[in-house]
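A.B. asks: Take this structure, written in structure tokens, and hold onto it; I'll ask about it next.
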Amino acid sequence: RTPPDPDDEHRLGPTRLRDMLAVAVVAGALMFVLARYHYGKFPTLPWIAGVMLYVLAVLLVVIAFLVRARVSAGKVGPGPGQLHPINVARSVALAKASALLGAIAAGGWAGLLIFLLGNRRLDVAVSDTPAAVIGAIGGILLVAAALWLEHCCRAPDDPEADATASADPA
């Protein structure tokens, strides 16, 4: 067994869905507790806040398809008409930040939705429920779009390394 490379400790890896789920659960629990004790002080929930998550998700999907097309066509490099590698790295950073934002939003809206569904006797809770549903779904879609963008930014496998590995029987 080979010892781990010290550089692997600081290596950027793919975003794990379980990490996003953990963030969403913590955000949901915090929002539920906050709503339970301070809901009367909340303003009416703006549904446009949830809609903005959909807009961000659509933008990430568009960027993902553009990056994917360039990467699969081998048009990544510093030359004209190519996607610069630093832009791919920026897209990965955008994807990771957006996944975290989506997890926080999905969890927060879901925690609020759970509180609202438990208080259906209040008219204001009934009127706030659609905004919470829109926000929770928007957060989930943002996480999915961010993970898709991150996936599209992966470098294709090196064909020379694959050829060497298949030719070497040991």
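Chain lettering (A, B, ...) mirrors the order of the structure tokens, residue numbering begins at 1 for each chain separately, and ligand numbering begins at 1 in order of display.
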Taking the DSSP assignment computed from this structure's backbone, write out as a ChimeraX atom specification all residues of range 59-119 of chain A that belong to helix (DSSP H, G or I).
C.D. replies: /A:59-72,85-118
A.B. asks: With N, CA and C atoms retained, could you export that selection as a compact mmCIF listing (two decimals), in the first residue's frame?
C.D. replies:
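Just written: part30.txt:
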```txt
# COMPACT_ATOMS: atom_id res chain seq x y z
N LEU A 59 -29.41 29.43 -14.74
CA LEU A 59 -28.12 29.97 -15.16
C LEU A 59 -27.01 28.93 -15.01
N LEU A 60 -27.02 28.20 -13.93
CA LEU A 60 -25.99 27.17 -13.73
C LEU A 60 -26.11 26.06 -14.76
N VAL A 61 -27.32 25.69 -15.12
CA VAL A 61 -27.51 24.64 -16.12
C VAL A 61 -27.00 25.12 -17.48
N VAL A 62 -27.28 26.36 -17.83
CA VAL A 62 -26.78 26.92 -19.10
C VAL A 62 -25.27 26.91 -19.11
N ILE A 63 -24.65 27.38 -18.03
CA ILE A 63 -23.18 27.38 -17.94
C ILE A 63 -22.66 25.95 -18.03
N ALA A 64 -23.35 25.02 -17.39
CA ALA A 64 -22.90 23.61 -17.41
C ALA A 64 -22.89 23.06 -18.83
N PHE A 65 -23.94 23.34 -19.60
CA PHE A 65 -23.97 22.83 -20.97
C PHE A 65 -22.90 23.48 -21.84
N LEU A 66 -22.63 24.77 -21.62
CA LEU A 66 -21.57 25.43 -22.38
C LEU A 66 -20.20 24.85 -22.03
N VAL A 67 -19.95 24.66 -20.75
CA VAL A 67 -18.66 24.09 -20.33
C VAL A 67 -18.54 22.66 -20.83
N ARG A 68 -19.61 21.90 -20.71
CA ARG A 68 -19.57 20.49 -21.13
C ARG A 68 -19.27 20.38 -22.63
N ALA A 69 -19.87 21.24 -23.42
CA ALA A 69 -19.64 21.20 -24.86
C ALA A 69 -18.18 21.50 -25.19
N ARG A 70 -17.62 22.50 -24.51
CA ARG A 70 -16.22 22.85 -24.77
C ARG A 70 -15.26 21.76 -24.29
N VAL A 71 -15.53 21.21 -23.11
CA VAL A 71 -14.65 20.18 -22.57
C VAL A 71 -14.70 18.94 -23.44
N SER A 72 -15.89 18.51 -23.85
CA SER A 72 -15.99 17.29 -24.65
C SER A 72 -15.42 17.48 -26.05
N PRO A 85 -8.71 27.49 -18.91
CA PRO A 85 -8.78 26.62 -17.73
C PRO A 85 -9.16 27.37 -16.44
N ILE A 86 -8.76 28.63 -16.33
CA ILE A 86 -9.12 29.38 -15.12
C ILE A 86 -10.63 29.60 -15.06
N ASN A 87 -11.28 29.71 -16.22
CA ASN A 87 -12.74 29.85 -16.23
C ASN A 87 -13.43 28.56 -15.81
N VAL A 88 -12.82 27.45 -16.12
CA VAL A 88 -13.35 26.17 -15.65
C VAL A 88 -13.22 26.10 -14.13
N ALA A 89 -12.08 26.53 -13.61
CA ALA A 89 -11.88 26.53 -12.16
C ALA A 89 -12.86 27.49 -11.50
N ARG A 90 -13.13 28.63 -12.11
CA ARG A 90 -14.11 29.56 -11.56
C ARG A 90 -15.51 28.95 -11.58
N SER A 91 -15.79 28.17 -12.61
CA SER A 91 -17.09 27.51 -12.69
C SER A 91 -17.24 26.47 -11.58
N VAL A 92 -16.17 25.78 -11.27
CA VAL A 92 -16.20 24.81 -10.17
C VAL A 92 -16.45 25.54 -8.85
N ALA A 93 -15.77 26.67 -8.66
CA ALA A 93 -15.99 27.45 -7.43
C ALA A 93 -17.43 27.95 -7.35
N LEU A 94 -17.97 28.40 -8.48
CA LEU A 94 -19.36 28.83 -8.53
C LEU A 94 -20.29 27.67 -8.19
N ALA A 95 -20.00 26.50 -8.72
CA ALA A 95 -20.84 25.33 -8.48
C ALA A 95 -20.81 24.95 -7.00
N LYS A 96 -19.64 24.96 -6.39
CA LYS A 96 -19.54 24.59 -4.98
C LYS A 96 -20.27 25.59 -4.09
N ALA A 97 -20.10 26.88 -4.37
CA ALA A 97 -20.79 27.90 -3.59
C ALA A 97 -22.30 27.82 -3.78
N SER A 98 -22.73 27.57 -5.00
CA SER A 98 -24.15 27.47 -5.29
C SER A 98 -24.77 26.23 -4.65
N ALA A 99 -24.04 25.14 -4.60
CA ALA A 99 -24.54 23.94 -3.95
C ALA A 99 -24.75 24.20 -2.46
N LEU A 100 -23.82 24.91 -1.85
CA LEU A 100 -23.96 25.25 -0.44
C LEU A 100 -25.15 26.19 -0.21
N LEU A 101 -25.27 27.20 -1.06
CA LEU A 101 -26.41 28.12 -0.97
C LEU A 101 -27.73 27.37 -1.14
N GLY A 102 -27.77 26.48 -2.13
CA GLY A 102 -28.99 25.71 -2.37
C GLY A 102 -29.35 24.81 -1.20
N ALA A 103 -28.34 24.21 -0.58
CA ALA A 103 -28.60 23.34 0.58
C ALA A 103 -29.12 24.15 1.76
N ILE A 104 -28.53 25.32 1.98
CA ILE A 104 -29.00 26.18 3.07
C ILE A 104 -30.42 26.65 2.78
N ALA A 105 -30.68 27.06 1.55
CA ALA A 105 -32.01 27.54 1.19
C ALA A 105 -33.04 26.43 1.27
N ALA A 106 -32.73 25.27 0.73
CA ALA A 106 -33.68 24.15 0.76
C ALA A 106 -33.98 23.75 2.19
N GLY A 107 -32.96 23.66 3.01
CA GLY A 107 -33.17 23.30 4.40
C GLY A 107 -33.95 24.35 5.18
N GLY A 108 -33.59 25.61 4.97
CA GLY A 108 -34.29 26.69 5.66
C GLY A 108 -35.75 26.78 5.27
N TRP A 109 -36.02 26.72 3.98
CA TRP A 109 -37.41 26.77 3.52
C TRP A 109 -38.17 25.53 3.96
N ALA A 110 -37.51 24.38 3.94
CA ALA A 110 -38.19 23.15 4.38
C ALA A 110 -38.50 23.19 5.87
N GLY A 111 -37.57 23.71 6.67
CA GLY A 111 -37.83 23.84 8.11
C GLY A 111 -38.99 24.78 8.37
N LEU A 112 -39.03 25.86 7.61
CA LEU A 112 -40.14 26.80 7.75
C LEU A 112 -41.45 26.16 7.28
N LEU A 113 -41.38 25.39 6.21
CA LEU A 113 -42.57 24.70 5.69
C LEU A 113 -43.12 23.71 6.72
N ILE A 114 -42.25 22.99 7.38
CA ILE A 114 -42.69 22.05 8.42
C ILE A 114 -43.40 22.80 9.54
N PHE A 115 -42.84 23.95 9.91
CA PHE A 115 -43.50 24.76 10.94
C PHE A 115 -44.87 25.24 10.45
N LEU A 116 -44.93 25.71 9.22
CA LEU A 116 -46.19 26.23 8.68
C LEU A 116 -47.25 25.14 8.58
N LEU A 117 -46.86 23.96 8.16
CA LEU A 117 -47.83 22.87 8.03
C LEU A 117 -48.35 22.44 9.40
N GLY A 118 -47.56 22.61 10.42
CA GLY A 118 -48.00 22.29 11.77
C GLY A 118 -48.89 23.36 12.39
```
A.B. asks: Name all residues at most 8 Å from Thr44 in chain A (count only C-alpha atoms; drop same-chain ones fewer than 2 positions away) and give them as a VMD selection string.
C.D. replies: chain A and resid 42 46 124 128
A.B. asks: Quick one: distance from CA of Leu53 in chain A to CA of Ile134 in chain A in Å, one decimal?
C.D. replies: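 According to the coordinates, CA of Leu53 in chain A and CA of Ile134 in chain A are separated by 9.1 Å.
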A.B. asks: Could you pull the residues within 7 Å of range 50-52 of chain A, counting only C-alpha atoms, minus those fewer than 3 positions along the same chain, as an MDAnalysis selection string?
C.D. replies: chainID A and resid 47 55:56 131 134:135 138
A.B. asks: What is the CA of Val25 in chain A to CA of Leu122 in chain A distance in Å?
C.D. replies: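 A separation of 25.2 Å between them.
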A.B. asks: Enter the distance from CA of Leu141 in chain A to CA of Tyr37 in chain A, in Å, rounded to one decimal.
C.D. replies: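 CA of Leu141 in chain A sits 28.9 Å away from CA of Tyr37 in chain A.
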A.B. asks: So, counting only C-alpha atoms, which residue among A:Val143, A:Cys153, A:Val133, A:Ala125 is closest to Pro43 in chain A?
C.D. replies: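 With only C-alpha atoms as the atom set, the closest residue is A:Ala125.
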A.B. asks: Considering only C-alpha atoms, state which residue in the set A:Ala29, A:Tyr54, A:Thr15, A:Lys41 is at the smallest distance from Ile140 in chain A.
C.D. replies: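 Result for the nearest residue to Ile140 in chain A: A:Tyr54.
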